[in-house]
$ cat coords00.cif   # mmCIF, C-alpha atoms
data_my_file
#
loop_
_atom_site.label_atom_id
_atom_site.label_comp_id
_atom_site.auth_asym_id
_atom_site.auth_seq_id
_atom_site.Cartn_x
_atom_site.Cartn_y
_atom_site.Cartn_z
CA MET Y 9 2.63 168.44 345.06
CA PHE Y 10 5.89 168.55 343.10
CA LYS Y 11 5.27 165.03 341.92
CA LYS Y 12 1.86 166.03 340.46
CA ILE Y 13 3.38 169.08 338.72
CA TYR Y 14 6.13 166.89 337.26
CA GLU Y 15 3.64 164.29 336.04
CA LYS Y 16 1.39 166.93 334.46
CA SER Y 17 4.39 168.55 332.77
CA CYS Y 18 5.52 165.24 331.34
CA GLN Y 19 2.01 164.52 330.11
CA PHE Y 20 1.74 167.97 328.49
CA ILE Y 21 5.06 167.49 326.69
CA LYS Y 22 4.06 164.04 325.45
CA GLU Y 23 0.79 165.39 324.07
CA ASN Y 24 2.42 168.40 322.39
CA TYR Y 25 5.91 167.16 321.47
CA LYS Y 26 5.28 167.67 317.74
CA PHE Y 27 4.51 171.32 318.36
CA PHE Y 28 7.73 171.82 320.35
CA LEU Y 29 9.79 170.04 317.71
CA SER Y 30 8.27 172.32 315.07
CA LEU Y 31 9.19 175.40 317.11
CA ILE Y 32 12.78 174.19 317.46
CA ALA Y 33 13.00 173.46 313.73
CA ILE Y 34 11.62 176.91 312.85
CA PHE Y 35 14.09 178.58 315.22
CA ILE Y 36 17.03 176.70 313.71
CA PHE Y 37 15.86 177.43 310.16
CA PHE Y 38 15.61 181.19 310.66
CA PHE Y 39 18.28 181.92 313.27
CA TYR Y 40 21.06 179.33 313.01
CA GLU Y 41 24.07 180.81 311.21
CA LEU Y 42 26.01 178.80 308.67
CA PRO Y 43 29.69 179.75 308.08
CA PHE Y 44 28.75 182.00 305.15
CA VAL Y 45 27.70 185.55 304.38
CA VAL Y 46 25.56 186.72 301.47
CA TYR Y 47 26.49 189.81 299.47
CA LYS Y 48 23.83 191.58 297.41
CA PRO Y 49 23.38 194.93 295.66
CA GLY Y 50 23.17 197.75 298.16
CA GLY Y 51 21.90 201.27 297.77
CA THR Y 52 22.99 204.87 298.17
CA ILE Y 53 23.15 207.31 301.09
CA ASP Y 54 22.59 211.02 300.49
CA LEU Y 55 25.50 212.67 302.27
CA ASN Y 56 24.15 216.22 302.03
CA SER Y 57 21.90 215.61 305.03
CA ARG Y 58 24.80 214.03 306.97
CA ILE Y 59 26.96 217.17 306.82
CA GLU Y 60 26.12 219.75 309.48
CA MET Y 61 28.00 223.01 309.19
CA GLU Y 62 27.16 226.60 310.04
CA GLY Y 63 26.73 228.68 306.89
CA LYS Y 64 27.17 225.72 304.55
CA TYR Y 65 26.42 226.15 300.86
CA GLU Y 66 23.44 224.13 299.62
CA SER Y 67 23.53 221.81 296.60
CA SER Y 68 21.10 221.63 293.70
CA GLY Y 69 21.96 217.93 293.30
CA SER Y 70 23.44 215.43 295.72
CA PHE Y 71 26.56 213.49 296.65
CA ASN Y 72 25.78 209.90 297.54
CA MET Y 73 27.82 207.07 299.02
CA ALA Y 74 27.28 203.64 297.48
CA TYR Y 75 27.25 200.65 299.81
CA VAL Y 76 27.13 196.85 299.76
CA SER Y 77 24.45 194.88 301.58
CA MET Y 78 25.80 191.94 303.56
CA MET Y 79 23.63 189.40 305.34
CA ARG Y 80 24.75 186.77 307.80
CA GLY Y 81 24.45 183.16 306.67
CA ASN Y 82 21.04 182.27 308.03
CA ILE Y 83 19.57 179.29 306.17
CA PRO Y 84 16.84 181.23 304.26
CA PHE Y 85 19.38 183.76 302.90
CA VAL Y 86 21.82 181.03 301.91
CA LEU Y 87 19.08 179.17 300.03
CA LEU Y 88 17.85 182.33 298.29
CA SER Y 89 21.38 183.09 297.09
CA TYR Y 90 21.14 180.07 294.75
CA PHE Y 91 18.10 181.54 292.98
CA ILE Y 92 18.34 185.36 293.09
CA PRO Y 93 20.77 186.98 290.61
CA ASN Y 94 23.65 188.93 292.17
CA TRP Y 95 23.10 187.39 295.59
CA ASP Y 96 26.54 185.86 296.13
CA LEU Y 97 27.56 183.38 298.78
CA GLU Y 98 30.96 183.79 300.45
CA LYS Y 99 32.62 181.71 303.15
CA THR Y 100 33.26 183.67 306.33
CA SER Y 101 36.77 182.19 306.39
CA ASN Y 102 37.50 184.12 303.16
CA ILE Y 103 36.70 187.51 304.69
CA THR Y 104 38.03 187.08 308.23
CA ALA Y 105 41.39 186.14 309.70
CA SER Y 106 41.63 182.61 311.11
CA ASN Y 107 41.63 183.92 314.68
CA GLU Y 108 38.68 186.28 314.17
CA SER Y 109 34.89 186.27 313.93
CA ILE Y 110 32.52 188.23 311.70
CA ASP Y 111 31.87 190.53 314.66
CA ASP Y 112 35.61 191.29 314.86
CA SER Y 113 35.63 192.15 311.17
CA ILE Y 114 32.63 194.47 311.58
CA LYS Y 115 34.24 196.16 314.60
CA ARG Y 116 37.44 196.79 312.61
CA ASP Y 117 35.44 198.21 309.70
CA ARG Y 118 33.76 200.64 312.11
CA ILE Y 119 37.21 201.90 313.15
CA TYR Y 120 38.13 202.27 309.47
CA LEU Y 121 34.94 204.30 308.97
CA GLU Y 122 35.99 206.81 311.62
CA ASN Y 123 39.53 206.94 310.24
CA GLY Y 124 38.14 207.54 306.73
CA LEU Y 125 35.94 210.40 307.94
CA ASP Y 126 38.99 212.05 309.50
CA TYR Y 127 40.93 211.84 306.23
CA ALA Y 128 37.89 213.06 304.26
CA THR Y 129 37.61 216.10 306.53
CA LEU Y 130 41.31 216.98 306.47
CA ASN Y 131 41.48 216.74 302.68
CA ALA Y 132 38.22 218.59 301.99
CA TYR Y 133 39.19 221.56 304.17
CA LYS Y 134 42.64 221.65 302.59
CA GLU Y 135 41.25 221.70 299.03
CA ALA Y 136 38.72 224.36 300.00
CA GLY Y 137 41.43 226.53 301.57
CA LYS Y 138 39.75 226.40 304.97
CA GLU Y 139 41.30 226.05 308.40
CA VAL Y 140 41.64 222.69 310.15
CA LYS Y 141 43.93 222.17 313.14
CA ILE Y 142 44.86 218.73 314.46
CA THR Y 143 44.90 218.88 318.28
CA ASN Y 144 45.60 215.24 319.12
CA VAL Y 145 46.34 211.88 317.49
CA HIS Y 146 45.40 208.45 318.86
CA GLN Y 147 46.56 205.01 317.77
CA ILE Y 148 43.74 202.43 317.60
CA ILE Y 149 44.44 198.69 317.32
CA THR Y 150 42.70 197.16 314.31
CA TYR Y 151 44.20 193.68 314.22
CA ILE Y 152 45.93 191.16 316.51
CA ALA Y 153 48.13 188.65 314.68
CA GLU Y 154 47.97 184.95 315.50
CA GLU Y 155 51.68 185.05 316.38
CA ALA Y 156 51.14 187.82 318.96
CA ILE Y 157 51.68 186.97 322.63
CA THR Y 158 49.53 189.66 324.18
CA ASP Y 159 46.32 190.49 326.02
CA LEU Y 160 45.70 193.57 323.85
CA GLU Y 161 42.35 193.61 322.05
CA LEU Y 162 40.99 194.95 318.79
CA GLY Y 163 39.70 198.49 319.34
CA ASP Y 164 42.09 199.35 322.19
CA LYS Y 165 43.30 202.96 322.13
CA ILE Y 166 47.02 203.06 322.97
CA LEU Y 167 47.83 205.62 325.65
CA SER Y 168 51.48 204.73 326.24
CA ILE Y 169 54.14 202.07 325.60
CA ASN Y 170 56.66 201.53 328.40
CA ASN Y 171 55.42 204.88 329.75
CA HIS Y 172 56.30 206.64 326.47
CA GLU Y 173 53.59 208.52 324.55
CA PHE Y 174 53.63 208.77 320.75
CA ASN Y 175 51.74 211.32 318.66
CA THR Y 176 52.50 209.66 315.32
CA LEU Y 177 52.34 206.10 314.07
CA SER Y 178 55.83 206.32 312.54
CA LYS Y 179 57.41 207.27 315.88
CA LEU Y 180 55.64 204.39 317.59
CA GLN Y 181 56.95 201.94 314.99
CA LEU Y 182 60.49 203.32 315.28
CA TYR Y 183 60.38 202.84 319.04
CA ILE Y 184 59.33 199.19 318.71
CA ASN Y 185 62.37 198.61 316.50
CA THR Y 186 64.69 199.84 319.28
CA LEU Y 187 63.60 197.00 321.56
CA LYS Y 188 64.91 193.44 321.74
CA LYS Y 189 63.48 190.12 320.61
CA GLU Y 190 61.35 188.40 323.32
CA GLU Y 191 61.33 191.58 325.41
CA THR Y 192 58.02 192.22 327.17
CA VAL Y 193 56.43 195.59 326.39
CA ASP Y 194 54.04 197.33 328.78
CA PHE Y 195 51.00 198.98 327.20
CA LYS Y 196 48.51 201.34 328.79
CA VAL Y 197 45.29 201.39 326.74
CA LEU Y 198 41.78 202.76 326.89
CA ARG Y 199 39.20 199.98 326.47
CA GLU Y 200 35.46 200.74 326.61
CA GLY Y 201 36.16 203.92 328.55
CA LYS Y 202 38.46 202.32 331.14
CA GLU Y 203 42.26 202.34 331.37
CA LYS Y 204 43.87 198.89 331.19
CA GLU Y 205 47.43 197.64 331.72
CA CYS Y 206 48.44 195.12 329.03
CA THR Y 207 51.61 193.46 327.79
CA ALA Y 208 52.98 192.14 324.50
CA LYS Y 209 56.13 190.20 323.69
CA ILE Y 210 58.47 191.27 320.89
CA PHE Y 211 59.06 188.72 318.14
CA GLU Y 212 60.93 188.77 314.85
CA LEU Y 213 59.20 188.47 311.48
CA ASP Y 214 60.77 189.17 308.06
CA ASN Y 215 63.88 190.61 309.72
CA SER Y 216 61.81 193.14 311.61
CA LEU Y 217 60.74 193.34 315.25
CA LYS Y 218 56.98 193.13 315.88
CA VAL Y 219 54.45 193.00 318.67
CA GLY Y 220 51.83 191.58 316.30
CA ILE Y 221 49.33 194.42 316.06
CA SER Y 222 48.07 196.70 313.30
CA ILE Y 223 47.13 200.29 314.08
CA VAL Y 224 45.33 203.23 312.47
CA GLU Y 225 45.39 206.84 313.57
CA LYS Y 226 42.35 208.64 314.96
CA TYR Y 227 42.45 212.43 315.03
CA GLU Y 228 41.03 215.13 317.21
CA TYR Y 229 40.80 218.42 315.34
CA LYS Y 230 39.17 221.83 315.20
CA THR Y 231 37.74 223.16 311.96
CA ASP Y 232 36.60 226.58 310.84
CA PRO Y 233 33.71 226.47 310.16
CA GLU Y 234 32.84 223.75 312.67
CA LEU Y 235 31.71 220.44 311.21
CA GLU Y 236 29.65 217.46 312.35
CA ILE Y 237 29.28 214.29 310.27
CA LYS Y 238 26.36 212.04 311.16
CA THR Y 239 26.67 208.26 310.86
CA LYS Y 240 24.59 205.24 311.87
CA PRO Y 241 25.75 202.35 314.09
CA SER Y 242 25.10 199.90 311.25
CA GLU Y 243 27.55 201.67 308.91
CA SER Y 244 31.18 200.65 308.63
CA GLY Y 245 34.19 200.63 306.31
CA SER Y 246 36.38 203.30 304.76
CA SER Y 247 34.96 203.24 301.21
CA GLY Y 248 32.79 206.32 301.77
CA GLY Y 249 35.84 208.56 302.18
CA LEU Y 250 35.87 210.03 298.66
CA MET Y 251 32.19 210.93 298.57
CA THR Y 252 32.21 212.32 302.12
CA ALA Y 253 35.16 214.54 301.20
CA LEU Y 254 33.30 215.82 298.13
CA ALA Y 255 30.16 216.53 300.17
CA ILE Y 256 32.19 218.48 302.76
CA TYR Y 257 34.09 220.38 300.06
CA ASN Y 258 30.83 221.29 298.32
CA ALA Y 259 29.37 222.58 301.59
CA LEU Y 260 32.46 224.75 302.11
CA THR Y 261 32.63 226.34 298.65
CA GLU Y 262 30.26 228.56 296.72
CA GLU Y 263 30.59 226.65 293.45
CA ASP Y 264 28.11 223.76 293.34
CA LEU Y 265 29.89 220.71 291.95
CA THR Y 266 26.66 218.69 291.69
CA LYS Y 267 25.07 221.00 289.09
CA GLY Y 268 21.73 219.35 289.84
CA ARG Y 269 23.07 215.83 289.27
CA LYS Y 270 22.81 212.75 291.45
CA ILE Y 271 26.47 211.82 291.92
CA VAL Y 272 27.18 208.41 293.43
CA GLY Y 273 30.57 206.90 294.10
CA THR Y 274 32.93 204.90 296.24
CA GLY Y 275 36.57 204.92 297.27
CA ALA Y 276 38.65 205.16 300.42
CA ILE Y 277 40.86 208.20 300.87
CA ASP Y 278 44.26 208.47 302.55
CA LYS Y 279 45.86 211.37 304.42
CA GLU Y 280 47.37 212.80 301.22
CA GLY Y 281 44.06 212.75 299.31
CA LYS Y 282 44.81 209.67 297.19
CA ILE Y 283 41.76 207.54 296.34
CA LEU Y 284 42.29 203.88 297.23
CA GLU Y 285 40.90 200.63 295.81
CA ILE Y 286 37.81 199.15 297.44
CA GLY Y 287 35.86 195.88 297.32
CA GLY Y 288 32.31 195.10 296.22
CA ILE Y 289 32.25 197.40 293.19
CA LYS Y 290 29.64 195.23 291.45
CA TYR Y 291 27.10 195.56 294.25
CA LYS Y 292 27.70 199.30 294.52
CA LEU Y 293 27.23 199.87 290.79
CA LEU Y 294 23.99 197.87 290.77
CA GLY Y 295 22.75 199.87 293.75
CA ALA Y 296 23.67 203.15 292.01
CA GLU Y 297 21.80 202.10 288.86
CA LYS Y 298 18.72 201.28 290.92
CA ALA Y 299 18.98 204.71 292.57
CA LYS Y 300 19.12 206.33 289.08
CA ALA Y 301 22.52 207.94 289.49
CA ASP Y 302 23.80 210.30 286.79
CA ILE Y 303 27.51 209.79 287.53
CA PHE Y 304 29.47 207.08 289.33
CA LEU Y 305 32.95 207.90 290.66
CA CYS Y 306 35.35 205.06 291.42
CA PRO Y 307 39.06 204.51 292.13
CA LYS Y 308 41.35 203.96 289.17
CA GLU Y 309 42.12 200.41 290.38
CA ASN Y 310 38.42 199.47 290.22
CA TYR Y 311 37.72 201.07 286.84
CA GLU Y 312 38.22 198.06 284.55
CA GLU Y 313 36.02 195.88 286.75
CA ALA Y 314 33.40 198.63 286.86
CA LEU Y 315 33.29 198.82 283.05
CA ARG Y 316 32.94 195.04 282.87
CA VAL Y 317 30.02 195.08 285.34
CA LYS Y 318 28.41 197.94 283.40
CA GLU Y 319 28.60 195.99 280.13
CA GLU Y 320 27.44 192.66 281.60
CA ASN Y 321 24.42 194.26 283.28
CA LYS Y 322 23.70 196.88 280.59
CA LEU Y 323 23.88 199.73 283.10
CA ASN Y 324 23.10 203.31 282.08
CA LEU Y 325 25.84 204.93 284.18
CA ASN Y 326 28.57 207.42 283.36
CA ILE Y 327 31.55 205.92 285.21
CA ILE Y 328 34.50 208.22 285.96
CA LYS Y 329 37.80 206.99 287.40
CA VAL Y 330 39.70 209.21 289.83
CA GLU Y 331 43.08 208.94 291.57
CA THR Y 332 42.88 211.89 293.97
CA LEU Y 333 40.28 214.14 295.58
CA LYS Y 334 41.66 217.06 293.59
CA GLU Y 335 41.14 215.14 290.34
CA ALA Y 336 37.57 214.25 291.36
CA ILE Y 337 36.80 217.94 291.94
CA GLU Y 338 38.29 218.88 288.57
CA GLU Y 339 36.29 216.17 286.77
CA LEU Y 340 33.03 217.42 288.29
CA GLN Y 341 33.90 221.02 287.47
CA LYS Y 342 34.02 220.00 283.81
#

$ encode --input "coords00.cif" --output "structure tokens"
Amino acid sequence: MFKKIYEKSCQFIKENYKFFLSLIAIFIFFFYELPFVVYKPGGTIDLNSRIEMEGKYESSGSFNMAYVSMMRGNIPFVLLSYFIPNWDLEKTSNITASNESIDDSIKRDRIYLENGLDYATLNAYKEAGKEVKITNVHQIITYIAEEAITDLELGDKILSINNHEFNTLSKLQLYINTLKKEETVDFKVLREGKEKECTAKIFELDNSLKVGISIVEKYEYKTDPELEIKTKPSESGSSGGLMTALAIYNALTEEDLTKGRKIVGTGAIDKEGKILEIGGIKYKLLGAEKAKADIFLCPKENYEEALRVKEENKLNLNIIKVETLKEAIEELQK
């Protein structure tokens, strides 16, 4: 019986081998990833609908976050990048560390998104004169250096180091510098909801002691009024910090900064309210133009490039450079 099934199967394959080869070729063509990504003009996200707050003030216009579209290097996208204007091919090795994958980079950018939302909230409430109280601070690992001798992973939340807890990043760094070269450090971390015991060995780099990890702070806080910011799993990166802060501020204050305008922009924000340089300004400007923005806000460091992109593509955008959240508010009040 098995012999007959085997013979029939072999006969079927022989008679239809061209069909199977075609299926394999189609699968490879559409799903095999080359070591590239393709960047193209993105779009805008209306942040007004993302901000949920009791008693929030409504806007006559809108605050919008500009974003870049990135596609993995499937063969059709790579080929199209040679023919479609402003579809740019980039090697994955240029945007990831040598010991990381694209998925690692995306995971890190998701952590930066959450960190950026925290800073946007803290700064917006401060500028609006509203109450925000930080109740806890967590340190999240965003990068593991090649030199690191450790079983820590990107995304781990540090609970303790050698049974010591740290509520600020600076205190954690000071503690590391009290240890000795080649000393083994015990970490307790939270990984995917479970506590893990990990270790890392101290090494010396540039006359400083390291364990080979980079960390950002994640805050727990209470605000008055209470706030919820909606995001999507596909979104990542810190460059929406400025516009999120403006949208929160506008919801908290009676004066409407939009004045009926469609305001688009980009820029990360730090804990002190400074607006930081970002990447992909070209794709964000082109997306804002397509969305018919009235104003485009960008960090000071990106301003010259933004003007160059505007001139080269004959964009009809009013581009305003800003260095702080406070300055952005003052510019829109004008």

$ residues_around --input "coords00.cif" --residues "Lys115 (chain Y)" --least-positions-apart "2" --cutoff "10 Å" --atoms "all atoms listed in the file" --output "list in words"
Ser109, Ile110, Asp111, Asp112, Ser113, Asp117, Arg118, Ile119, Tyr120, Leu121, Thr150, Leu162, Gly163, Ser244 and Gly245 of chain Y

$ write_last_selection --input "coords00.cif" --atoms "C-alpha atoms" --output "mmCIF file, in the frame of the given file"
data_model
loop_
_atom_site.group_PDB
_atom_site.id
_atom_site.type_symbol
_atom_site.label_atom_id
_atom_site.label_comp_id
_atom_site.auth_asym_id
_atom_site.auth_seq_id
_atom_site.Cartn_x
_atom_site.Cartn_y
_atom_site.Cartn_z
ATOM 1 C CA SER Y 109 34.890 186.270 313.930
ATOM 2 C CA ILE Y 110 32.520 188.230 311.700
ATOM 3 C CA ASP Y 111 31.870 190.530 314.660
ATOM 4 C CA ASP Y 112 35.610 191.290 314.860
ATOM 5 C CA SER Y 113 35.630 192.150 311.170
ATOM 6 C CA ASP Y 117 35.440 198.210 309.700
ATOM 7 C CA ARG Y 118 33.760 200.640 312.110
ATOM 8 C CA ILE Y 119 37.210 201.900 313.150
ATOM 9 C CA TYR Y 120 38.130 202.270 309.470
ATOM 10 C CA LEU Y 121 34.940 204.300 308.970
ATOM 11 C CA THR Y 150 42.700 197.160 314.310
ATOM 12 C CA LEU Y 162 40.990 194.950 318.790
ATOM 13 C CA GLY Y 163 39.700 198.490 319.340
ATOM 14 C CA SER Y 244 31.180 200.650 308.630
ATOM 15 C CA GLY Y 245 34.190 200.630 306.310
#

$ closest_atom_pairs --input "coords00.cif" --of "region 76-137 of chain Y" --to "region 270-282 of chain Y" --cutoff "8 Å" --atoms "all atoms listed in the file" --output "JSON lines"
{"residue": "Y:Gly124", "atom": "CA", "partner": "Y:Ile277", "partner_atom": "CA", "distance": 6.5}
{"residue": "Y:Tyr127", "atom": "CA", "partner": "Y:Lys279", "partner_atom": "CA", "distance": 5.3}
{"residue": "Y:Ala128", "atom": "CA", "partner": "Y:Ile277", "partner_atom": "CA", "distance": 6.6}
{"residue": "Y:Leu130", "atom": "CA", "partner": "Y:Lys279", "partner_atom": "CA", "distance": 7.5}
{"residue": "Y:Asn131", "atom": "CA", "partner": "Y:Gly281", "partner_atom": "CA", "distance": 5.8}

$ write_last_selection --input "coords00.cif" --atoms "C-alpha atoms" --output "short mmCIF file (atom, residue, chain, number, x, y, z; two decimals), keeping the file's coordinate frame"
data_model
loop_
_atom_site.label_atom_id
_atom_site.label_comp_id
_atom_site.auth_asym_id
_atom_site.auth_seq_id
_atom_site.Cartn_x
_atom_site.Cartn_y
_atom_site.Cartn_z
CA GLY Y 124 38.14 207.54 306.73
CA TYR Y 127 40.93 211.84 306.23
CA ALA Y 128 37.89 213.06 304.26
CA LEU Y 130 41.31 216.98 306.47
CA ASN Y 131 41.48 216.74 302.68
#

$ residues_around --input "coords00.cif" --residues "region 88-98 of chain Y" --least-positions-apart "4" --cutoff "8 Å" --atoms "all atoms listed in the file" --output "MDAnalysis selection string"
chainID Y and resid 44:49 84 102 291

$ atom_distance --input "coords00.cif" --atom1 "CA of Asn72 (chain Y)" --atom2 "CA of Ser247 (chain Y)"
11.9 Å

$ residues_around --input "coords00.cif" --residues "Ala299 (chain Y)" --least-positions-apart "2" --cutoff "8 Å" --atoms "all atoms listed in the file" --output "PyMOL selection string"
chain Y and resi 51-52+295-297+301

$ write_last_selection --input "coords00.cif" --atoms "C-alpha atoms" --output "mmCIF file, in the coordinates of the input"
data_model
loop_
_atom_site.group_PDB
_atom_site.id
_atom_site.type_symbol
_atom_site.label_atom_id
_atom_site.label_comp_id
_atom_site.auth_asym_id
_atom_site.auth_seq_id
_atom_site.Cartn_x
_atom_site.Cartn_y
_atom_site.Cartn_z
ATOM 1 C CA GLY Y 51 21.900 201.270 297.770
ATOM 2 C CA THR Y 52 22.990 204.870 298.170
ATOM 3 C CA GLY Y 295 22.750 199.870 293.750
ATOM 4 C CA ALA Y 296 23.670 203.150 292.010
ATOM 5 C CA GLU Y 297 21.800 202.100 288.860
ATOM 6 C CA ALA Y 301 22.520 207.940 289.490
#

$ closest_residue --input "coords00.cif" --among "Y:Asp194, Y:Glu313, Y:Glu331, Y:Asp214" --to "His172 (chain Y)" --atoms "only C-alpha atoms"
Y:Asp194

$ atom_distance --input "coords00.cif" --atom1 "CA of Ile103 (chain Y)" --atom2 "CA of Ser216 (chain Y)"
26.6 Å

$ atom_distance --input "coords00.cif" --atom1 "CA of Phe195 (chain Y)" --atom2 "CA of Lys226 (chain Y)"
17.8 Å
